[in-house]
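Source file: model_21.csv (CSV, C-alpha atoms)
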chain,number,residue,atom,x,y,z
P,19,ARG,CA,-38.7,-73.5,-116.8
P,20,ALA,CA,-39.3,-71.4,-113.6
P,21,ALA,CA,-36.2,-73.0,-112.0
P,22,MET,CA,-34.1,-72.2,-115.1
P,23,ALA,CA,-35.3,-68.6,-115.1
P,24,GLY,CA,-34.7,-68.2,-111.4
P,25,ALA,CA,-31.1,-69.6,-111.7
P,26,GLY,CA,-30.3,-67.8,-114.9
P,27,ILE,CA,-29.7,-71.1,-116.7
P,28,HIS,CA,-30.0,-71.1,-120.5
P,29,TYR,CA,-30.1,-73.8,-123.1
P,30,PRO,CA,-28.5,-76.3,-123.5
P,31,VAL,CA,-29.4,-78.0,-120.2
P,32,MET,CA,-29.3,-81.4,-118.7
P,33,LEU,CA,-32.4,-82.9,-117.0
P,34,LYS,CA,-31.8,-85.4,-114.3
P,35,ALA,CA,-34.2,-87.6,-112.3
P,36,VAL,CA,-33.7,-87.4,-108.6
P,37,GLY,CA,-33.7,-91.2,-108.3
P,38,GLY,CA,-31.5,-91.6,-111.4
P,39,GLY,CA,-27.8,-92.4,-111.7
P,40,GLY,CA,-25.4,-94.4,-113.8
P,41,GLY,CA,-26.7,-92.8,-116.9
P,42,ARG,CA,-30.4,-93.5,-116.1
P,43,GLY,CA,-33.0,-90.7,-116.0
P,44,MET,CA,-30.8,-88.1,-117.8
P,45,ARG,CA,-31.7,-86.2,-120.9
P,46,PRO,CA,-29.8,-83.3,-122.7
P,47,VAL,CA,-32.1,-80.6,-124.0
P,48,ALA,CA,-30.9,-78.1,-126.6
P,49,ARG,CA,-34.1,-76.1,-127.2
P,50,ASP,CA,-37.3,-75.2,-125.3
P,51,GLU,CA,-39.7,-77.2,-127.5
P,52,ALA,CA,-37.9,-80.5,-126.5
P,53,LEU,CA,-38.2,-79.8,-122.8
P,54,ASP,CA,-41.6,-81.3,-122.1
P,55,GLU,CA,-40.8,-84.7,-123.7
P,56,ALA,CA,-37.4,-84.9,-122.1
P,57,PHE,CA,-38.9,-84.2,-118.7
P,58,ALA,CA,-41.5,-87.0,-119.1
P,59,ALA,CA,-38.8,-89.4,-120.4
P,60,CYS,CA,-36.7,-88.9,-117.3
P,61,GLN,CA,-39.7,-89.7,-115.1
P,62,ARG,CA,-40.7,-92.8,-117.2
P,63,GLU,CA,-37.2,-94.2,-117.2
P,64,CYS,CA,-36.9,-94.1,-113.4
P,65,ALA,CA,-40.5,-95.2,-112.7
P,66,ALA,CA,-39.8,-98.3,-114.9
P,67,VAL,CA,-37.3,-99.5,-112.3
P,68,GLY,CA,-39.0,-98.3,-109.2
P,69,LEU,CA,-36.9,-95.1,-108.7
P,70,LEU,CA,-38.0,-91.6,-107.6
P,71,GLY,CA,-39.0,-89.6,-110.6
P,72,GLY,CA,-38.6,-86.0,-109.5
P,73,VAL,CA,-36.5,-84.0,-112.0
P,74,PHE,CA,-34.0,-81.2,-111.6
P,75,VAL,CA,-32.1,-79.1,-114.2
P,76,GLU,CA,-28.5,-78.2,-114.6
P,77,GLU,CA,-26.4,-76.3,-117.1
P,78,LEU,CA,-25.0,-78.6,-119.8
P,79,LEU,CA,-21.3,-78.3,-120.4
P,80,PRO,CA,-20.5,-79.9,-123.7
P,81,ALA,CA,-17.3,-81.9,-123.9
P,82,ALA,CA,-16.5,-81.3,-120.3
P,83,ARG,CA,-14.0,-83.5,-118.4
P,84,HIS,CA,-15.5,-85.5,-115.5
P,85,ILE,CA,-13.0,-85.2,-112.7
P,86,GLU,CA,-13.7,-86.6,-109.2
P,87,VAL,CA,-11.8,-86.5,-106.0
P,88,GLN,CA,-11.6,-89.5,-103.7
P,89,LEU,CA,-12.1,-88.7,-100.0
P,90,LEU,CA,-11.7,-90.6,-96.8
P,91,GLY,CA,-12.9,-89.1,-93.5
P,92,ASP,CA,-12.9,-90.2,-89.8
P,93,GLY,CA,-15.4,-87.7,-88.5
P,94,ALA,CA,-12.7,-85.3,-87.4
P,95,GLU,CA,-10.3,-85.2,-90.3
P,96,VAL,CA,-10.8,-85.6,-94.1
P,97,VAL,CA,-8.0,-86.5,-96.6
P,98,HIS,CA,-8.0,-86.9,-100.4
P,99,LEU,CA,-6.5,-89.8,-102.3
P,100,TYR,CA,-6.0,-87.8,-105.4
P,101,GLU,CA,-8.4,-87.6,-108.4
P,102,ARG,CA,-9.9,-89.8,-111.1
P,103,ASP,CA,-10.7,-88.8,-114.7
P,104,CYS,CA,-14.0,-90.5,-115.6
P,105,SER,CA,-14.6,-88.7,-118.9
P,106,VAL,CA,-14.7,-91.8,-121.2
P,107,GLN,CA,-18.4,-92.7,-121.1
P,108,ARG,CA,-21.0,-94.5,-123.1
P,109,ARG,CA,-24.6,-93.3,-122.8
P,110,ARG,CA,-23.4,-91.2,-119.8
P,111,GLN,CA,-22.1,-94.3,-118.0
P,112,LYS,CA,-18.5,-94.4,-117.0
P,113,GLN,CA,-16.4,-96.8,-119.1
P,114,VAL,CA,-12.7,-96.0,-118.5
P,115,GLU,CA,-11.2,-94.2,-115.4
P,116,THR,CA,-7.6,-93.1,-114.8
P,117,SER,CA,-5.9,-92.0,-111.7
P,118,PRO,CA,-4.3,-89.5,-111.5
P,119,ALA,CA,-5.9,-87.5,-114.3
P,120,ARG,CA,-3.7,-86.8,-117.3
P,121,ASN,CA,-2.9,-83.3,-118.5
P,122,LEU,CA,-4.6,-81.6,-115.5
P,123,PRO,CA,-2.9,-78.3,-114.6
P,124,SER,CA,-1.5,-78.6,-111.1
P,125,SER,CA,-3.2,-75.4,-110.0
P,126,LEU,CA,-6.6,-76.7,-111.0
P,127,ARG,CA,-5.8,-80.1,-109.3
P,128,GLU,CA,-5.1,-78.2,-106.0
P,129,ARG,CA,-8.3,-76.2,-106.3
P,130,LEU,CA,-10.4,-79.3,-106.8
P,131,PHE,CA,-8.7,-80.9,-103.8
P,132,SER,CA,-9.4,-77.8,-101.7
P,133,ASP,CA,-13.1,-77.7,-102.7
P,134,ALA,CA,-13.6,-81.4,-102.1
P,135,LEU,CA,-11.9,-81.3,-98.7
P,136,ALA,CA,-14.0,-78.3,-97.7
P,137,ILE,CA,-17.2,-80.2,-98.5
P,138,GLY,CA,-16.1,-83.2,-96.6
P,139,SER,CA,-14.9,-81.2,-93.6
P,140,ALA,CA,-18.1,-79.1,-93.5
P,141,VAL,CA,-20.2,-82.1,-92.7
P,142,GLY,CA,-17.6,-84.0,-90.5
P,143,TYR,CA,-17.5,-86.7,-93.1
P,144,ARG,CA,-16.8,-90.2,-91.8
P,145,SER,CA,-16.3,-92.9,-94.5
P,146,ALA,CA,-15.1,-93.2,-98.1
P,147,GLY,CA,-16.8,-90.7,-100.4
P,148,THR,CA,-16.3,-88.9,-103.7
P,149,VAL,CA,-16.8,-85.3,-104.8
P,150,GLU,CA,-17.4,-85.0,-108.5
P,151,PHE,CA,-16.8,-82.0,-110.8
P,152,LEU,CA,-17.1,-81.1,-114.4
P,153,VAL,CA,-14.2,-79.2,-115.9
P,154,ALA,CA,-15.2,-77.1,-118.9
P,155,ALA,CA,-13.6,-77.8,-122.3
P,156,GLY,CA,-10.7,-75.5,-123.2
P,157,PRO,CA,-7.0,-75.5,-123.7
P,158,ALA,CA,-5.1,-77.4,-120.9
P,159,SER,CA,-2.8,-74.4,-120.7
P,160,ALA,CA,-5.7,-72.0,-119.7
P,161,PRO,CA,-4.7,-70.2,-116.5
P,162,ALA,CA,-7.9,-70.9,-114.7
P,163,PRO,CA,-10.2,-73.5,-116.4
P,164,ARG,CA,-13.8,-73.2,-115.3
P,165,TYR,CA,-15.2,-76.1,-113.3
P,166,VAL,CA,-18.5,-76.7,-111.5
P,167,PHE,CA,-19.6,-79.0,-108.7
P,168,LEU,CA,-21.6,-82.1,-110.0
P,169,GLU,CA,-22.4,-84.2,-107.0
P,170,ALA,CA,-21.1,-85.8,-103.8
P,171,ASN,CA,-21.4,-89.6,-103.3
P,172,PRO,CA,-21.3,-90.6,-99.6
P,173,ARG,CA,-20.2,-94.2,-100.3
P,174,ILE,CA,-17.6,-96.4,-101.9
P,175,GLN,CA,-17.9,-96.2,-105.7
P,176,VAL,CA,-17.4,-98.7,-108.5
P,177,GLU,CA,-14.2,-96.8,-109.6
P,178,HIS,CA,-12.6,-96.9,-106.1
P,179,THR,CA,-10.4,-99.7,-107.4
P,180,VAL,CA,-8.4,-97.5,-109.7
P,181,SER,CA,-7.6,-95.2,-106.8
P,182,GLU,CA,-6.6,-98.1,-104.7
P,183,GLU,CA,-4.1,-99.2,-107.4
P,184,ALA,CA,-2.8,-95.6,-107.9
P,185,THR,CA,-2.3,-94.9,-104.1
P,186,GLY,CA,-1.7,-98.4,-102.7
P,187,VAL,CA,-4.5,-97.7,-100.1
P,188,ASP,CA,-7.2,-100.4,-99.6
P,189,LEU,CA,-10.2,-98.1,-99.4
P,190,VAL,CA,-12.7,-100.8,-98.5
P,191,ARG,CA,-10.5,-102.0,-95.6
P,192,ALA,CA,-10.0,-98.4,-94.4
P,193,THR,CA,-13.7,-97.7,-94.6
P,194,LEU,CA,-14.5,-100.7,-92.4
P,195,GLN,CA,-11.8,-99.8,-89.9
P,196,ILE,CA,-13.0,-96.3,-89.6
P,197,ALA,CA,-16.6,-97.6,-89.1
P,198,ALA,CA,-15.1,-99.7,-86.2
P,199,GLY,CA,-13.6,-96.6,-84.6
P,200,GLU,CA,-10.2,-96.2,-86.1
P,201,THR,CA,-8.8,-92.8,-87.1
P,202,LEU,CA,-7.0,-91.8,-90.2
P,203,ARG,CA,-3.8,-91.1,-88.4
P,204,GLY,CA,-4.1,-94.3,-86.5
P,205,LEU,CA,-4.3,-96.1,-89.9
P,206,GLY,CA,-1.2,-94.2,-91.1
P,207,LEU,CA,-3.4,-92.2,-93.5
P,208,ALA,CA,-2.5,-88.6,-92.7
P,209,GLN,CA,-2.6,-86.4,-95.9
P,210,GLU,CA,1.2,-86.0,-96.0
P,211,SER,CA,1.6,-89.8,-96.2
P,212,ILE,CA,-0.7,-90.3,-99.1
P,213,ARG,CA,0.8,-90.2,-102.6
P,214,VAL,CA,0.4,-91.6,-106.1
P,215,VAL,CA,2.7,-94.6,-106.2
P,216,ALA,CA,1.8,-95.7,-109.7
P,217,PRO,CA,-0.5,-94.6,-112.6
P,218,ALA,CA,-3.5,-96.8,-113.1
P,219,ILE,CA,-6.3,-97.2,-115.7
P,220,GLN,CA,-9.6,-99.1,-115.2
P,221,ALA,CA,-11.9,-100.5,-117.9
P,222,ARG,CA,-15.4,-101.5,-117.1
P,223,VAL,CA,-16.7,-104.4,-119.1
P,224,ALA,CA,-20.5,-104.1,-119.3
P,225,MET,CA,-23.4,-105.4,-121.3
P,226,THR,CA,-24.6,-103.3,-124.2
P,227,ALA,CA,-28.0,-105.1,-124.5
P,228,PRO,CA,-30.1,-107.0,-122.0
P,229,GLY,CA,-30.4,-110.7,-121.9
P,230,GLY,CA,-27.9,-113.5,-122.7
P,231,ARG,CA,-26.0,-116.1,-120.7
P,232,LEU,CA,-22.4,-116.6,-119.8
P,233,ALA,CA,-21.3,-120.0,-120.9
P,234,SER,CA,-17.7,-119.8,-119.9
P,235,PHE,CA,-15.4,-117.3,-118.2
P,236,ALA,CA,-11.7,-116.8,-117.8
P,237,GLU,CA,-10.1,-113.6,-116.3
P,238,PRO,CA,-6.7,-112.1,-117.3
P,239,GLY,CA,-3.8,-111.9,-114.9
P,240,GLY,CA,-0.1,-111.1,-114.8
P,241,ALA,CA,2.0,-108.3,-113.2
P,242,GLY,CA,0.1,-105.1,-112.6
P,243,VAL,CA,-3.3,-106.5,-113.6
P,244,ARG,CA,-6.3,-106.7,-111.3
P,245,CYS,CA,-9.7,-108.2,-112.2
P,246,ASP,CA,-12.7,-107.5,-110.0
P,247,GLY,CA,-15.9,-109.4,-110.7
P,248,ALA,CA,-18.1,-112.2,-109.6
P,249,LEU,CA,-18.8,-114.0,-112.8
P,250,TYR,CA,-19.3,-117.7,-113.3
P,251,ALA,CA,-20.3,-120.1,-116.1
P,252,GLY,CA,-24.1,-120.2,-116.4
P,253,TYR,CA,-24.6,-116.6,-115.1
P,254,SER,CA,-27.5,-114.7,-116.6
P,255,PRO,CA,-27.4,-111.0,-115.6
P,256,PRO,CA,-30.7,-109.5,-114.5
P,257,SER,CA,-31.8,-106.6,-116.7
P,258,GLN,CA,-33.0,-104.3,-113.9
P,259,TYR,CA,-29.6,-103.7,-112.5
P,260,ASP,CA,-26.4,-101.9,-113.7
P,261,PRO,CA,-25.0,-103.7,-116.8
P,262,LEU,CA,-21.5,-103.9,-115.3
P,263,LEU,CA,-19.9,-107.4,-115.5
P,264,VAL,CA,-16.3,-107.0,-114.5
P,265,LYS,CA,-13.6,-104.4,-113.9
P,266,ILE,CA,-10.1,-104.7,-115.3
P,267,ILE,CA,-7.5,-102.5,-113.7
P,268,ALA,CA,-3.9,-102.0,-114.9
P,269,ARG,CA,-1.2,-100.4,-112.8
P,270,GLY,CA,2.1,-99.0,-113.9
P,271,ALA,CA,5.5,-99.3,-112.3
P,272,ALA,CA,6.0,-97.5,-109.0
P,273,GLY,CA,8.1,-94.4,-109.0
P,274,GLY,CA,9.5,-92.5,-112.0
P,275,HIS,CA,7.2,-89.5,-111.4
P,276,GLU,CA,6.7,-86.5,-109.2
P,277,GLY,CA,3.5,-86.3,-107.3
P,278,ALA,CA,0.5,-86.7,-109.7
P,279,GLU,CA,2.7,-85.7,-112.7
P,280,VAL,CA,3.2,-88.9,-114.6
P,281,PRO,CA,5.3,-89.0,-117.9
P,282,ALA,CA,3.7,-90.1,-121.1
P,283,SER,CA,6.0,-93.1,-121.3
P,284,SER,CA,4.6,-94.5,-118.0
P,285,TRP,CA,1.0,-94.0,-119.2
P,286,GLU,CA,1.9,-96.0,-122.4
P,287,VAL,CA,3.1,-98.9,-120.2
P,288,VAL,CA,-0.3,-98.9,-118.4
P,289,ARG,CA,-2.3,-98.6,-121.6
P,290,ARG,CA,-0.5,-101.6,-123.2
P,291,ARG,CA,-1.0,-103.6,-120.1
P,292,LEU,CA,-4.7,-102.8,-120.0
P,293,LEU,CA,-5.2,-103.7,-123.7
P,294,ARG,CA,-3.4,-107.0,-123.2
P,295,ALA,CA,-5.6,-107.8,-120.2
P,296,CYS,CA,-8.8,-106.9,-122.0
P,297,SER,CA,-7.8,-109.1,-125.0
P,298,GLU,CA,-7.2,-112.0,-122.6
P,299,LEU,CA,-10.6,-111.7,-120.9
P,300,HIS,CA,-12.8,-114.6,-122.1
P,301,LEU,CA,-16.6,-114.2,-122.0
P,302,GLY,CA,-18.1,-117.2,-123.8
P,303,GLY,CA,-21.8,-117.3,-124.5
P,304,THR,CA,-24.5,-114.9,-125.7
P,305,LEU,CA,-23.8,-111.7,-123.7
P,306,GLN,CA,-23.3,-108.6,-125.7
P,307,THR,CA,-20.6,-106.4,-124.2
P,308,ASN,CA,-18.6,-103.2,-124.9
P,309,LEU,CA,-15.3,-105.1,-125.3
P,310,ALA,CA,-15.3,-104.4,-129.0
P,311,ASP,CA,-15.4,-100.7,-128.3

For the structure just supplied, provide its representation as structure tokens.
Amino acid sequence: RAAMAGAGIHYPVMLKAVGGGGGRGMRPVARDEALDEAFAACQRECAAVGLLGGVFVEELLPAARHIEVQLLGDGAEVVHLYERDCSVQRRRQKQVETSPARNLPSSLRERLFSDALAIGSAVGYRSAGTVEFLVAAGPASAPAPRYVFLEANPRIQVEHTVSEEATGVDLVRATLQIAAGETLRGLGLAQESIRVVAPAIQARVAMTAPGGRLASFAEPGGAGVRCDGALYAGYSPPSQYDPLLVKIIARGAAGGHEGAEVPASSWEVVRRRLLRACSELHLGGTLQTNLAD
């Protein structure tokens, strides 16, 4: 309450445990009488899995878009690999990601790039990383949509794969090469050489309840489909870790767009390709997943 008063933050707010993440240790609070229980719940949830239980508070932006910028730095220079829209979530866990973000005003996109690059440059960032923002709900045509900084992740992220498909850059390989002493320009990754080569959408297939066993598994394939996972028949996912099982990424045809502006017809091709791939994924056994969603 003191922190809220000092920062001029009013309800509704979001409480977050310091050691949380991936939807864990987070509670929205709409009124003061619910604050104490939400605070304790954040701490309990993290303590149950051995994470730090300190709690901080943020303004809650209802129906905001979750937009993040992929960075890559070599310690002297930082570039962006465009943005991802991670707004489709279940229990505050990302479920579907697109790159680039659809219906994002170009002026806002450039401001997000500028702020993300400024953060990376300020610390001489060296690796792959992500700067995440929340864009307040409002008409897409608004001249200057409000957005706020959410967090910076100094690591490769689960959703890096959709950026790889959209830009054609192998982020894991580039990260290892930079760690071995390579520079961005030495890798051919100057900012002017990075572009969106095709629109891409990623779906995370995850457990919706703990327990269960995978009796059989077959992944989808075909042109423009990528499946990332390490599943096998007989696998029983441990309940203390993230419920993610496999990622399915669909990529559209290269070209046919200008920069990050992708026509609706191209997105429709990617959407249909992703739906087909999800329908072809076979997970036999007793695991409960979000595929039906």

Which residues of range 105-211 of chain P sit at most 10 Å from range 42-58 of chain P, using all atoms listed in the file? Give each one's shortest atom pair and distance in Å (one decimal place), in chain and ascending residue order, as JSON lines.
{"residue": "P:Arg109", "atom": "CA", "partner": "P:Arg42", "partner_atom": "CA", "distance": 8.9}
{"residue": "P:Arg110", "atom": "CA", "partner": "P:Arg42", "partner_atom": "CA", "distance": 8.2}
{"residue": "P:Gln111", "atom": "CA", "partner": "P:Arg42", "partner_atom": "CA", "distance": 8.6}

Among listed residues P:Ala221, P:Ala236, P:Val176, P:Leu135, nearest Val97 in chain P (using only C-alpha atoms):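 The shortest atom-to-atom distance to Val97 in chain P comes from P:Leu135.
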
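Taking all atoms listed in the file into account, the residues near (-7.0, -99.8, -90.0), no farther than 12 Å, are Asp92, Val187, Asp188, Leu189, Val190, Arg191, Ala192, Thr193, Leu194, Gln195, Ile196, Ala197, Ala198, Gly199, Glu200, Thr201, Leu202, Arg203, Gly204, Leu205, Gly206 and Leu207 of chain P.
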
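CA of Ala233 in chain P is positioned 19.8 Å from CA of Ile266 in chain P.
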
All residues 7 Å or closer to Ile212 in chain P, all atoms listed in the file, same chain fewer than 2 positions away omitted, as a ChimeraX atom specification: /P:99,185,207-210

Output C-alpha atoms for every residue in that selection, as a short mmCIF file (atom, residue, chain, number, x, y, z; two decimals), in the coordinates of the input.
data_model
loop_
_atom_site.label_atom_id
_atom_site.label_comp_id
_atom_site.auth_asym_id
_atom_site.auth_seq_id
_atom_site.Cartn_x
_atom_site.Cartn_y
_atom_site.Cartn_z
CA LEU P 99 -6.50 -89.80 -102.30
CA THR P 185 -2.30 -94.90 -104.10
CA LEU P 207 -3.40 -92.20 -93.50
CA ALA P 208 -2.50 -88.60 -92.70
CA GLN P 209 -2.60 -86.40 -95.90
CA GLU P 210 1.20 -86.00 -96.00
#

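Among the candidates P:Gln61, P:Asn171, P:Gln113, P:Ser181, the one nearest to Leu262 in chain P when counting all atoms listed in the file is P:Gln113.
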
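With CA of Lys112 in chain P on one side and CA of Thr179 in chain P on the other, the separation reads 13.6 Å.
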
Using only C-alpha atoms, which protein or nucleic acid residues come within 7 Å of Gly270 in chain P? Drop anything in the same chain fewer than 5 positions from it, and give the result as a list of chain:residue names.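 The neighbour list is P:Ala216, P:Pro217, P:Ala218, P:Gly242, P:Ser284, P:Val287, P:Val288.
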
P:Gly252, P:Gly24, P:Gly186, P:Pro118: which is nearest Ala272 in chain P, counting all atoms listed in the file?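 Comparing P:Gly252, P:Gly24, P:Gly186, P:Pro118 against Ala272 in chain P, the winner is P:Gly186.
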
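Between CA of Tyr259 in chain P and CA of Val180 in chain P there is a distance of 22.3 Å.
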
From P:Ala268, P:Ala278, P:Leu152, P:Leu301, residue lying nearest Pro123 in chain P [only C-alpha atoms]: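 Of P:Ala268, P:Ala278, P:Leu152, P:Leu301, the one nearest Pro123 in chain P, counting only C-alpha atoms, is P:Ala278.
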
Nearest to Met225 in chain P by atom-to-atom distance, counting only C-alpha atoms, from P:Arg83, P:Arg269, P:Arg108, P:Arg290: P:Arg108

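Here the question is which of P:Leu232, P:Cys245, P:Val75, P:Ile85 gets nearest to Leu305 in chain P using all atoms listed in the file, and that residue is P:Leu232.
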
Do a neighbour search on Ser254 in chain P at 10 Å with only C-alpha atoms, toss out local chain neighbours closer than 4 positions, and write the hits as an mmCIF file with C-alpha atoms, keeping the file's coordinate frame.
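Written output follows (result37.cif):
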data_model
loop_
_atom_site.group_PDB
_atom_site.id
_atom_site.type_symbol
_atom_site.label_atom_id
_atom_site.label_comp_id
_atom_site.auth_asym_id
_atom_site.auth_seq_id
_atom_site.Cartn_x
_atom_site.Cartn_y
_atom_site.Cartn_z
ATOM 1 C CA PRO P 228 -30.100 -107.000 -122.000
ATOM 2 C CA GLY P 229 -30.400 -110.700 -121.900
ATOM 3 C CA GLY P 230 -27.900 -113.500 -122.700
ATOM 4 C CA ARG P 231 -26.000 -116.100 -120.700
ATOM 5 C CA LEU P 232 -22.400 -116.600 -119.800
ATOM 6 C CA ALA P 233 -21.300 -120.000 -120.900
ATOM 7 C CA LEU P 249 -18.800 -114.000 -112.800
ATOM 8 C CA TYR P 250 -19.300 -117.700 -113.300
ATOM 9 C CA THR P 304 -24.500 -114.900 -125.700
ATOM 10 C CA LEU P 305 -23.800 -111.700 -123.700
#

To box range 93-101 of chain P, take all atoms listed in the file, fit an axis-aligned box, add 5 Å on each side, and give centre and edge lengths in Å to one decimal, as lines of an AutoDock Vina configuration file.
center_x = -10.7
center_y = -87.5
center_z = -97.9
size_x = 19.4
size_y = 14.6
size_z = 31.0
